[in-house]
file upload_0.txt (compact mmCIF, C-alpha atoms)
# COMPACT_ATOMS: atom_id res chain seq x y z
CA MET R 286 29.03 -17.44 -22.64
CA ALA R 287 28.71 -16.33 -19.01
CA MET R 288 25.30 -16.67 -17.42
CA THR R 289 23.19 -13.64 -16.68
CA PRO R 290 22.35 -13.26 -12.96
CA PHE R 291 18.76 -14.06 -13.94
CA GLU R 292 19.60 -17.54 -15.10
CA ILE R 293 18.24 -19.37 -12.08
CA GLU R 294 16.64 -22.78 -12.42
CA MET R 295 13.06 -22.89 -11.17
CA ASP R 296 11.62 -26.14 -9.92
CA ASP R 297 8.40 -27.19 -11.62
CA ILE R 298 6.55 -27.83 -8.38
CA THR R 299 6.95 -24.29 -7.04
CA LEU R 300 6.03 -22.94 -10.46
CA ALA R 301 2.92 -25.13 -10.60
CA ARG R 302 1.88 -24.03 -7.09
CA ALA R 303 2.37 -20.37 -8.02
CA ARG R 304 0.37 -20.94 -11.20
CA ARG R 305 -2.54 -22.11 -9.04
CA GLY R 306 -2.29 -18.88 -7.06
CA ASP R 307 -0.39 -20.17 -4.00
CA LEU R 308 1.03 -16.98 -2.51
CA ASP R 309 3.77 -18.80 -0.56
CA ALA R 310 5.08 -20.21 -3.83
CA CYS R 311 4.89 -16.73 -5.39
CA GLU R 312 6.91 -15.37 -2.49
CA GLN R 313 9.51 -18.11 -2.96
CA ILE R 314 9.87 -17.13 -6.62
CA PHE R 315 10.04 -13.45 -5.70
CA ARG R 316 12.81 -14.06 -3.13
CA LEU R 317 14.77 -16.03 -5.69
CA PHE R 318 14.61 -13.42 -8.43
CA GLN R 319 14.19 -10.16 -6.52
CA LYS R 320 17.86 -9.18 -6.61
CA PRO R 321 18.61 -9.83 -10.30
CA ALA R 322 15.30 -8.16 -11.21
CA PHE R 323 16.00 -5.12 -9.08
CA SER R 324 19.60 -4.96 -10.34
CA VAL R 325 18.66 -4.86 -14.01
CA ALA R 326 15.93 -2.27 -13.33
CA TYR R 327 18.40 -0.17 -11.35
CA ARG R 328 21.08 -0.43 -14.03
CA VAL R 329 18.60 0.86 -16.59
CA CYS R 330 16.96 3.69 -14.63
CA GLN R 331 19.69 4.42 -12.05
CA CYS R 332 17.12 5.38 -9.40
CA PRO R 333 16.47 2.98 -6.48
CA ASP R 334 12.85 4.03 -5.94
CA THR R 335 11.94 3.76 -9.62
CA ALA R 336 13.78 0.44 -9.84
CA GLN R 337 11.78 -0.82 -6.87
CA GLU R 338 8.51 0.20 -8.53
CA ILE R 339 9.54 -1.43 -11.81
CA THR R 340 10.44 -4.65 -10.00
CA GLN R 341 7.15 -4.76 -8.10
CA GLU R 342 5.05 -4.02 -11.19
CA ALA R 343 6.91 -6.67 -13.18
CA PHE R 344 6.38 -9.35 -10.52
CA ILE R 345 2.68 -8.47 -10.20
CA THR R 346 2.29 -8.79 -13.98
CA VAL R 347 4.14 -12.10 -14.06
CA PHE R 348 2.18 -13.63 -11.17
CA ARG R 349 -1.13 -12.52 -12.68
CA LYS R 350 -0.23 -14.08 -16.03
CA LEU R 351 1.51 -17.15 -14.67
CA GLY R 352 -1.54 -19.34 -15.32
CA GLN R 353 -1.04 -18.73 -19.03
CA PHE R 354 2.71 -19.41 -19.00
CA ARG R 355 3.08 -22.66 -20.86
CA GLY R 356 6.71 -23.23 -19.96
CA ASP R 357 8.05 -23.67 -23.50
CA ALA R 358 10.93 -21.31 -22.58
CA PRO R 359 12.72 -20.82 -19.26
CA PHE R 360 10.75 -18.92 -16.65
CA TRP R 361 13.68 -16.60 -15.91
CA GLY R 362 13.76 -15.47 -19.56
CA TRP R 363 10.12 -14.47 -19.46
CA LEU R 364 10.46 -12.71 -16.11
CA ARG R 365 13.54 -10.82 -17.31
CA ARG R 366 11.74 -9.75 -20.46
CA VAL R 367 8.86 -8.35 -18.41
CA VAL R 368 11.24 -6.50 -16.04
CA VAL R 369 13.21 -5.05 -18.96
CA ASN R 370 10.01 -3.99 -20.76
CA HIS R 371 8.80 -2.19 -17.65
CA ALA R 372 12.20 -0.54 -17.23
CA ILE R 373 12.37 0.65 -20.85
CA SER R 374 8.82 1.92 -20.57
CA SER R 375 9.79 3.89 -17.44
CA ILE R 376 12.73 5.59 -19.16
CA ARG R 377 10.41 6.47 -22.04
CA LYS R 378 7.98 8.08 -19.61
CA SER R 379 10.64 10.04 -17.72
CA PRO R 380 13.67 10.52 -19.93
CA LYS R 381 15.15 13.02 -17.52
CA ILE R 382 16.10 10.49 -14.83
CA ASP R 383 19.84 10.65 -15.22
CA PRO R 384 21.67 11.23 -11.97
CA VAL R 385 25.45 11.33 -12.33
CA GLU R 386 26.40 11.11 -8.67
CA PHE R 387 27.66 7.81 -7.36
CA GLN R 388 25.30 5.85 -5.13
CA ASP R 389 26.60 2.75 -3.44
CA HIS R 390 23.50 0.60 -2.96
CA HIS R 391 25.10 -2.79 -3.21
CA GLY R 392 26.20 -4.82 -0.23
CA SER R 393 29.98 -4.62 -0.18
CA SER R 394 31.14 -8.20 -0.03
CA GLU R 395 34.35 -7.57 -1.99
CA SER R 396 37.52 -7.89 0.01
CA ALA R 397 40.19 -6.59 -2.38
CA SER R 398 40.17 -2.81 -2.16
CA GLU R 399 41.49 -2.50 -5.70
CA ARG R 400 38.51 -4.39 -7.04
CA VAL R 401 36.11 -2.16 -5.10
CA ASP R 402 37.83 0.94 -6.50
CA MET R 403 37.49 -0.42 -10.00
CA ALA R 404 33.82 -1.23 -9.38
CA MET R 405 33.23 2.29 -8.11
CA ASP R 406 34.82 3.68 -11.24
CA LEU R 407 32.62 1.52 -13.43
CA GLU R 408 29.53 2.48 -11.43
CA SER R 409 30.31 6.17 -11.69
CA ALA R 410 31.12 5.99 -15.38
CA LEU R 411 27.94 4.03 -16.05
CA ALA R 412 25.90 6.63 -14.17
CA THR R 413 27.12 9.37 -16.51
CA LEU R 414 25.55 7.71 -19.56
CA GLY R 415 22.13 8.69 -20.86
CA ALA R 416 19.38 6.27 -19.84
CA GLU R 417 19.03 4.69 -23.29
CA ASP R 418 22.77 4.24 -23.79
CA ARG R 419 23.12 2.76 -20.32
CA ALA R 420 20.24 0.35 -20.94
CA ILE R 421 21.68 -0.73 -24.28
CA VAL R 422 25.21 -1.32 -23.03
CA TRP R 423 23.91 -3.22 -20.00
CA LEU R 424 21.43 -5.36 -21.90
CA HIS R 425 23.98 -6.22 -24.57
CA ASP R 426 27.15 -6.69 -22.54
CA VAL R 427 25.78 -8.17 -19.33
CA GLU R 428 22.38 -9.64 -20.10
CA GLY R 429 23.44 -10.99 -23.49
CA TYR R 430 20.71 -9.37 -25.62
CA ASN R 431 21.54 -9.17 -29.31
CA HIS R 432 21.07 -6.08 -31.48
CA GLY R 433 17.86 -7.45 -32.98
CA GLU R 434 16.30 -7.89 -29.54
CA ILE R 435 17.44 -4.44 -28.39
CA ALA R 436 16.11 -2.85 -31.57
CA GLU R 437 12.75 -4.52 -30.98
CA LEU R 438 12.63 -3.33 -27.36
CA PHE R 439 13.23 0.27 -28.35
CA GLY R 440 11.16 0.09 -31.52
CA LYS R 441 14.21 1.13 -33.55
CA THR R 442 16.59 -0.42 -36.07
CA GLN R 443 19.57 -2.66 -35.40
CA SER R 444 21.93 0.11 -36.54
CA PHE R 445 20.48 2.29 -33.78
CA SER R 446 21.46 -0.37 -31.26
CA LYS R 447 24.93 -0.85 -32.77
CA THR R 448 25.66 2.88 -32.91
CA ARG R 449 24.48 3.55 -29.38
CA LEU R 450 26.39 0.57 -28.00
CA SER R 451 29.59 1.66 -29.64
CA ARG R 452 29.10 5.25 -28.44
CA ALA R 453 28.35 4.13 -24.88
CA ARG R 454 31.37 1.82 -24.75
CA ALA R 455 33.66 4.52 -26.14
CA ARG R 456 32.44 6.96 -23.50
CA LEU R 457 32.86 4.45 -20.69
CA LYS R 458 36.33 3.47 -21.91
CA GLY R 459 37.35 7.11 -22.11
CA LEU R 460 36.14 7.76 -18.59
CA LEU R 461 37.81 4.68 -17.16
CA GLU R 462 41.12 5.32 -18.91
CA GLY R 463 40.99 8.97 -18.02
CA GLY R 464 41.33 8.17 -14.32
CA GLY R 465 37.97 6.77 -13.32
CA LEU R 466 36.27 8.67 -10.52
CA ALA R 467 39.09 11.22 -10.23
CA GLY R 468 38.95 11.76 -13.98
CA LEU R 469 35.19 12.29 -13.78
CA GLN R 470 35.57 14.84 -10.98
CA GLU R 471 38.32 16.65 -12.88
CA ALA R 472 36.20 16.60 -16.02
CA ALA R 473 33.26 18.00 -14.03
CA ALA R 474 35.47 20.70 -12.49
CA ARG R 475 36.72 21.65 -15.96
CA GLY R 476 33.05 21.89 -16.98
CA MET V 121 34.17 -14.72 -26.24
CA GLN V 122 33.01 -13.12 -22.97
CA LYS V 123 35.69 -10.42 -23.33
CA GLU V 124 34.26 -9.63 -26.77
CA ARG V 125 30.73 -9.52 -25.43
CA ASP V 126 31.59 -7.45 -22.36
CA PRO V 127 34.89 -5.68 -23.08
CA LEU V 128 34.58 -3.35 -20.08
CA ASN V 129 33.74 -6.19 -17.75
CA LEU V 130 30.48 -4.59 -16.62
CA GLY V 131 29.35 -8.04 -15.60
CA SER V 132 31.84 -7.84 -12.71
CA LEU V 133 29.70 -5.19 -11.02
CA PRO V 134 27.87 -6.66 -8.03
CA MET V 135 24.11 -7.06 -7.99
CA VAL V 136 22.27 -4.20 -6.34
CA GLU V 137 20.35 -4.58 -3.06
CA PRO V 138 16.77 -3.27 -3.18
CA PRO V 139 16.15 -0.45 -0.67
CA SER V 140 13.33 -2.38 1.01
CA ASP V 141 11.39 -5.62 0.86
CA GLY V 142 9.08 -5.42 -2.15
CA TRP V 143 7.01 -8.50 -1.31
CA PRO V 144 4.30 -7.02 1.03
CA LEU V 145 3.06 -4.68 -1.71
CA ILE V 146 3.09 -7.42 -4.34
CA ARG V 147 1.17 -9.76 -2.02
CA ALA V 148 -1.41 -7.06 -1.26
CA GLU V 149 -1.92 -6.38 -4.99
CA LEU V 150 -2.32 -10.08 -5.78
CA GLU V 151 -4.86 -10.49 -2.98
CA LYS V 152 -6.75 -7.42 -4.15
CA GLY V 153 -6.85 -8.80 -7.72
CA ARG V 154 -8.14 -12.11 -6.45
CA GLN V 155 -10.99 -10.40 -4.54
CA GLN V 156 -11.90 -8.34 -7.62
CA ARG V 157 -12.02 -11.45 -9.80
CA ARG V 158 -14.26 -13.15 -7.23
CA LEU V 159 -16.58 -10.12 -7.24
CA LEU V 160 -16.62 -10.04 -11.04
CA ARG V 161 -17.52 -13.72 -11.20
CA TYR V 162 -20.33 -13.11 -8.70
CA ALA V 163 -21.56 -10.05 -10.64
CA GLY V 164 -21.36 -12.05 -13.87
CA SER V 165 -23.54 -14.85 -12.55
CA MET V 166 -26.03 -12.33 -11.11
CA MET V 167 -26.24 -10.61 -14.50
CA ALA V 168 -26.75 -13.91 -16.25
CA ILE V 169 -29.63 -14.73 -13.89
CA ALA V 170 -31.12 -11.26 -14.38
CA ALA V 171 -30.86 -11.59 -18.17
CA THR V 172 -32.62 -14.96 -18.07
CA VAL V 173 -35.44 -13.51 -15.96
CA VAL V 174 -35.87 -10.52 -18.29
CA LEU V 175 -35.93 -12.80 -21.33
CA ALA V 176 -38.48 -15.15 -19.77
CA VAL V 177 -40.77 -12.31 -18.71
CA GLY V 178 -40.38 -10.68 -22.13
CA VAL V 179 -41.54 -13.83 -23.90
CA PHE V 180 -44.74 -13.94 -21.85
CA ILE V 181 -45.79 -10.34 -21.94
CA ARG V 182 -44.58 -9.38 -25.39
CA GLN V 183 -47.12 -7.16 -27.17
CA PRO V 184 -46.94 -5.89 -30.72
CA ALA V 185 -45.21 -2.53 -30.53
CA PRO V 186 -47.30 0.46 -31.63
CA VAL V 187 -46.11 1.94 -34.90
CA THR V 188 -44.95 5.47 -34.27
CA GLU V 189 -43.13 8.00 -36.33
CA PRO V 190 -39.51 8.34 -35.30
CA ALA V 191 -38.98 11.51 -33.34
CA ALA V 192 -37.18 14.20 -35.21
CA VAL V 193 -33.82 14.39 -33.52
CA PRO V 194 -31.02 16.58 -34.70
CA ALA V 195 -28.42 14.60 -36.63
CA PRO V 196 -25.39 14.19 -34.41
CA ALA V 197 -22.14 15.62 -35.62
CA GLN V 198 -19.90 13.30 -37.59
CA ALA V 199 -17.25 13.32 -34.89
CA GLN V 200 -19.73 12.34 -32.20
CA GLN V 201 -20.99 9.47 -34.38
CA THR V 202 -17.47 8.20 -34.93
CA LEU V 203 -16.72 8.50 -31.24
CA ASP V 204 -19.86 6.54 -30.33
CA SER V 205 -19.05 3.80 -32.83
CA LEU V 206 -15.50 3.54 -31.55
CA ILE V 207 -16.67 3.31 -27.94
CA SER V 208 -19.23 0.68 -28.84
CA LEU V 209 -16.69 -1.30 -30.88
CA SER V 210 -14.23 -1.09 -28.05
CA GLN V 211 -16.86 -2.48 -25.63
CA GLN V 212 -17.73 -5.32 -28.00
CA LEU V 213 -14.10 -6.22 -28.44
CA GLU V 214 -13.58 -6.12 -24.69
CA VAL V 215 -16.39 -8.68 -24.23
CA GLN V 216 -15.04 -10.79 -27.08
CA VAL V 217 -11.49 -10.78 -25.69
CA ARG V 218 -12.75 -11.71 -22.23
CA SER V 219 -14.76 -14.60 -23.60
CA ILE V 220 -11.98 -16.01 -25.82
CA ARG V 221 -9.44 -15.63 -23.00
CA GLU V 222 -11.42 -18.10 -20.91
CA ASP V 223 -11.17 -20.72 -23.66
CA VAL V 224 -7.47 -20.35 -24.33
CA GLY V 225 -5.16 -22.65 -22.38
CA GLY V 226 -1.42 -22.10 -21.96
CA MET V 227 0.32 -19.74 -24.32
CA PRO V 228 3.82 -19.78 -25.80
CA THR V 229 6.17 -17.33 -24.08
CA ASP V 230 6.45 -15.02 -27.09
CA SER V 231 2.68 -14.60 -27.35
CA LEU V 232 2.45 -14.11 -23.61
CA VAL V 233 5.10 -11.38 -23.67
CA TYR V 234 3.25 -9.66 -26.51
CA GLN V 235 -0.08 -10.06 -24.73
CA VAL V 236 1.32 -8.46 -21.56
CA GLU V 237 2.74 -5.58 -23.61
CA LEU V 238 -0.62 -5.00 -25.30
CA GLU V 239 -2.46 -5.04 -21.98
CA ASP V 240 0.04 -2.54 -20.57
CA LEU V 241 -0.55 -0.29 -23.57
CA ILE V 242 -4.33 -0.58 -23.16
CA ALA V 243 -3.93 0.38 -19.49
CA GLN V 244 -1.87 3.40 -20.56
CA VAL V 245 -4.55 4.45 -23.06
CA ASP V 246 -7.23 4.03 -20.36
CA GLU V 247 -5.23 6.29 -18.09
CA GLU V 248 -5.08 8.94 -20.84
CA LEU V 249 -8.78 8.47 -21.58
CA SER V 250 -9.64 9.22 -17.97
CA VAL V 251 -8.24 12.70 -18.59
CA ASN V 252 -9.42 13.06 -22.17
CA PRO V 253 -12.52 10.85 -22.57
CA ASP V 254 -13.64 12.22 -25.96
CA SER V 255 -10.39 11.78 -27.82
CA LEU V 256 -11.07 10.03 -31.14
CA GLU V 257 -7.40 9.24 -31.46
CA LEU V 258 -7.25 7.48 -28.08
CA TRP V 259 -10.42 5.44 -28.68
CA SER V 260 -9.18 4.43 -32.08
CA HIS V 261 -5.83 3.41 -30.59
CA ARG V 262 -7.68 1.38 -27.95
CA VAL V 263 -9.75 -0.42 -30.60
CA ASN V 264 -6.61 -1.29 -32.56
CA LEU V 265 -4.88 -2.64 -29.47
CA LEU V 266 -7.94 -4.75 -28.59
CA LEU V 267 -8.03 -6.08 -32.14
CA ASP V 268 -4.38 -7.11 -31.84
CA LEU V 269 -5.10 -8.75 -28.50
CA SER V 270 -8.08 -10.67 -29.80
CA ARG V 271 -5.99 -11.80 -32.79
CA ILE V 272 -3.41 -13.31 -30.43
CA TYR V 273 -6.12 -15.29 -28.62
CA GLU V 274 -7.78 -16.37 -31.87
CA ASN V 275 -4.46 -17.64 -33.24
CA GLN V 276 -3.84 -19.49 -30.01
CA LEU V 277 -7.31 -21.07 -30.13
CA ARG V 278 -6.63 -22.14 -33.72
CA ARG V 279 -3.30 -23.67 -32.70
CA ASP V 280 -4.97 -25.46 -29.75
CA TYR V 281 -7.67 -26.78 -32.09
CA HIS V 282 -5.12 -28.13 -34.60
CA ARG V 283 -3.11 -29.70 -31.81
CA MET V 284 -6.19 -31.44 -30.44
CA ALA V 285 -7.28 -32.47 -33.94
CA SER V 286 -3.92 -34.08 -34.65
CA LEU V 287 -4.02 -36.24 -31.51
call {"tool": "encode", "arguments": {"input": "upload_0.txt", "output": "structure tokens"}}
result
Amino acid sequence: MAMTPFEIEMDDITLARARRGDLDACEQIFRLFQKPAFSVAYRVCQCPDTAQEITQEAFITVFRKLGQFRGDAPFWGWLRRVVVNHAISSIRKSPKIDPVEFQDHHGSSESASERVDMAMDLESALATLGAEDRAIVWLHDVEGYNHGEIAELFGKTQSFSKTRLSRARARLKGLLEGGGLAGLQEAAARG
Amino acid sequence: MQKERDPLNLGSLPMVEPPSDGWPLIRAELEKGRQQRRLLRYAGSMMAIAATVVLAVGVFIRQPAPVTEPAAVPAPAQAQQTLDSLISLSQQLEVQVRSIREDVGGMPTDSLVYQVELEDLIAQVDEELSVNPDSLELWSHRVNLLLDLSRIYENQLRRDYHRMASL
């Protein structure tokens, strides 16, 4: 299975320094994980400012609790869980955050224009999903969460996760096959 | 396998750049927390000294208390009584949790995740209580969350004890 962007090895020395409250070590960890953490928060809430808040809150929580982290599981898994929990909690608090317009926040390092077009289509299609559906499809397909874990996060059943995943994928597929961005604009024009 | 997991290839989307550097705020919060903990430790030792002084003085000057009839006070309403007991229970649990937390060493990731979630929920309840301080429902929710939190620490202490005992 492909690795999630979070899957970064942490050296024990930096972790031990951070555990003792060394702020330089904390900064090192933050720099290492900032982008994957922000990305997952952004994919869930689709709002850069909210994603930034989620990321900051999650890191503050993790650094404050680091002294109690025993290290029986990878650090990245714990950090990701905290980021995702904060993100899910934010969509619970403000379920209306659902912009549909395309926002290109990522650094464009792609060279093939076709690939960029495809990415833009995926971005736009993803942005049209409801927050919960988007979170579920992202956590399952990209972050590798299983239905049991998603159900637990949302406090719902596994069938909830399965149904919403299948609905979200069907919608995305329909949008992508229906002409991507152009299809979305046509669909919007048709009302 | 990956195609099955991610049929739309969402994983091909690039990571997203944060709009600004988030570190300065995190650093400031961590430093603030550290100062607060230092102050709390200082206040704690001052209170311990004060308590010792009060106890010592009390032992020397204790007099038999005059027997008086209890003043006739109006019986408080049932709701107020419940509210007071919940607030008092919540305070006791808070002290208990703080004291066990100091004894617990490292925790397994699952417990830590759960602990963080519970603390977040308690913070949320506290926020709501600042607006609605007499809500029985909120105080009762807070007590339940604190009970769950103290259970996590107690289980961890038990596990630590068994681990040490088996060495």
call {"tool": "interface_residues", "arguments": {"input": "upload_0.txt", "of": "chain V", "to": "chain R", "cutoff": "6 Å", "atoms": "all atoms listed in the file", "output": "VMD selection string"}}
result
chain V and resid 122 125 to 126 131 133 135 to 137 146 226 to 228
call {"tool": "atom_distance", "arguments": {"input": "upload_0.txt", "atom1": "atom CA of Tyr273 of chain V", "atom2": "atom CA of Val217 of chain V"}}
result
7.6 Å
call {"tool": "atom_distance", "arguments": {"input": "upload_0.txt", "atom1": "atom CA of Ala412 of chain R", "atom2": "atom CA of Leu450 of chain R"}}
result
15.1 Å
call {"tool": "closest_residue", "arguments": {"input": "upload_0.txt", "among": "V:Val233, V:Leu241, V:Leu267, V:Leu203", "to": "Val215 of chain V", "atoms": "only C-alpha atoms"}}
result
V:Leu267
call {"tool": "residues_around", "arguments": {"input": "upload_0.txt", "residues": "Leu238 of chain V", "least_positions_apart": "6", "cutoff": "12 Å", "atoms": "all atoms listed in the file", "output": "number ranges by chain"}}
result
R: 370; V: 231-232, 244-245, 261-272
call {"tool": "write_last_selection", "arguments": {"input": "upload_0.txt", "atoms": "C-alpha atoms", "output": "JSON list (two decimals), keeping the file's coordinate frame"}}
result
[["chain", "number", "residue", "atom", "x", "y", "z"],
["R", 370, "ASN", "CA", 10.01, -3.99, -20.76],
["V", 231, "SER", "CA", 2.68, -14.60, -27.35],
["V", 232, "LEU", "CA", 2.45, -14.11, -23.61],
["V", 244, "GLN", "CA", -1.87, 3.40, -20.56],
["V", 245, "VAL", "CA", -4.55, 4.45, -23.06],
["V", 261, "HIS", "CA", -5.83, 3.41, -30.59],
["V", 262, "ARG", "CA", -7.68, 1.38, -27.95],
["V", 263, "VAL", "CA", -9.75, -0.42, -30.60],
["V", 264, "ASN", "CA", -6.61, -1.29, -32.56],
["V", 265, "LEU", "CA", -4.88, -2.64, -29.47],
["V", 266, "LEU", "CA", -7.94, -4.75, -28.59],
["V", 267, "LEU", "CA", -8.03, -6.08, -32.14],
["V", 268, "ASP", "CA", -4.38, -7.11, -31.84],
["V", 269, "LEU", "CA", -5.10, -8.75, -28.50],
["V", 270, "SER", "CA", -8.08, -10.67, -29.80],
["V", 271, "ARG", "CA", -5.99, -11.80, -32.79],
["V", 272, "ILE", "CA", -3.41, -13.31, -30.43]]
call {"tool": "atom_distance", "arguments": {"input": "upload_0.txt", "atom1": "atom CA of Leu130 of chain V", "atom2": "atom CA of Lys441 of chain R"}}
result
24.2 Å
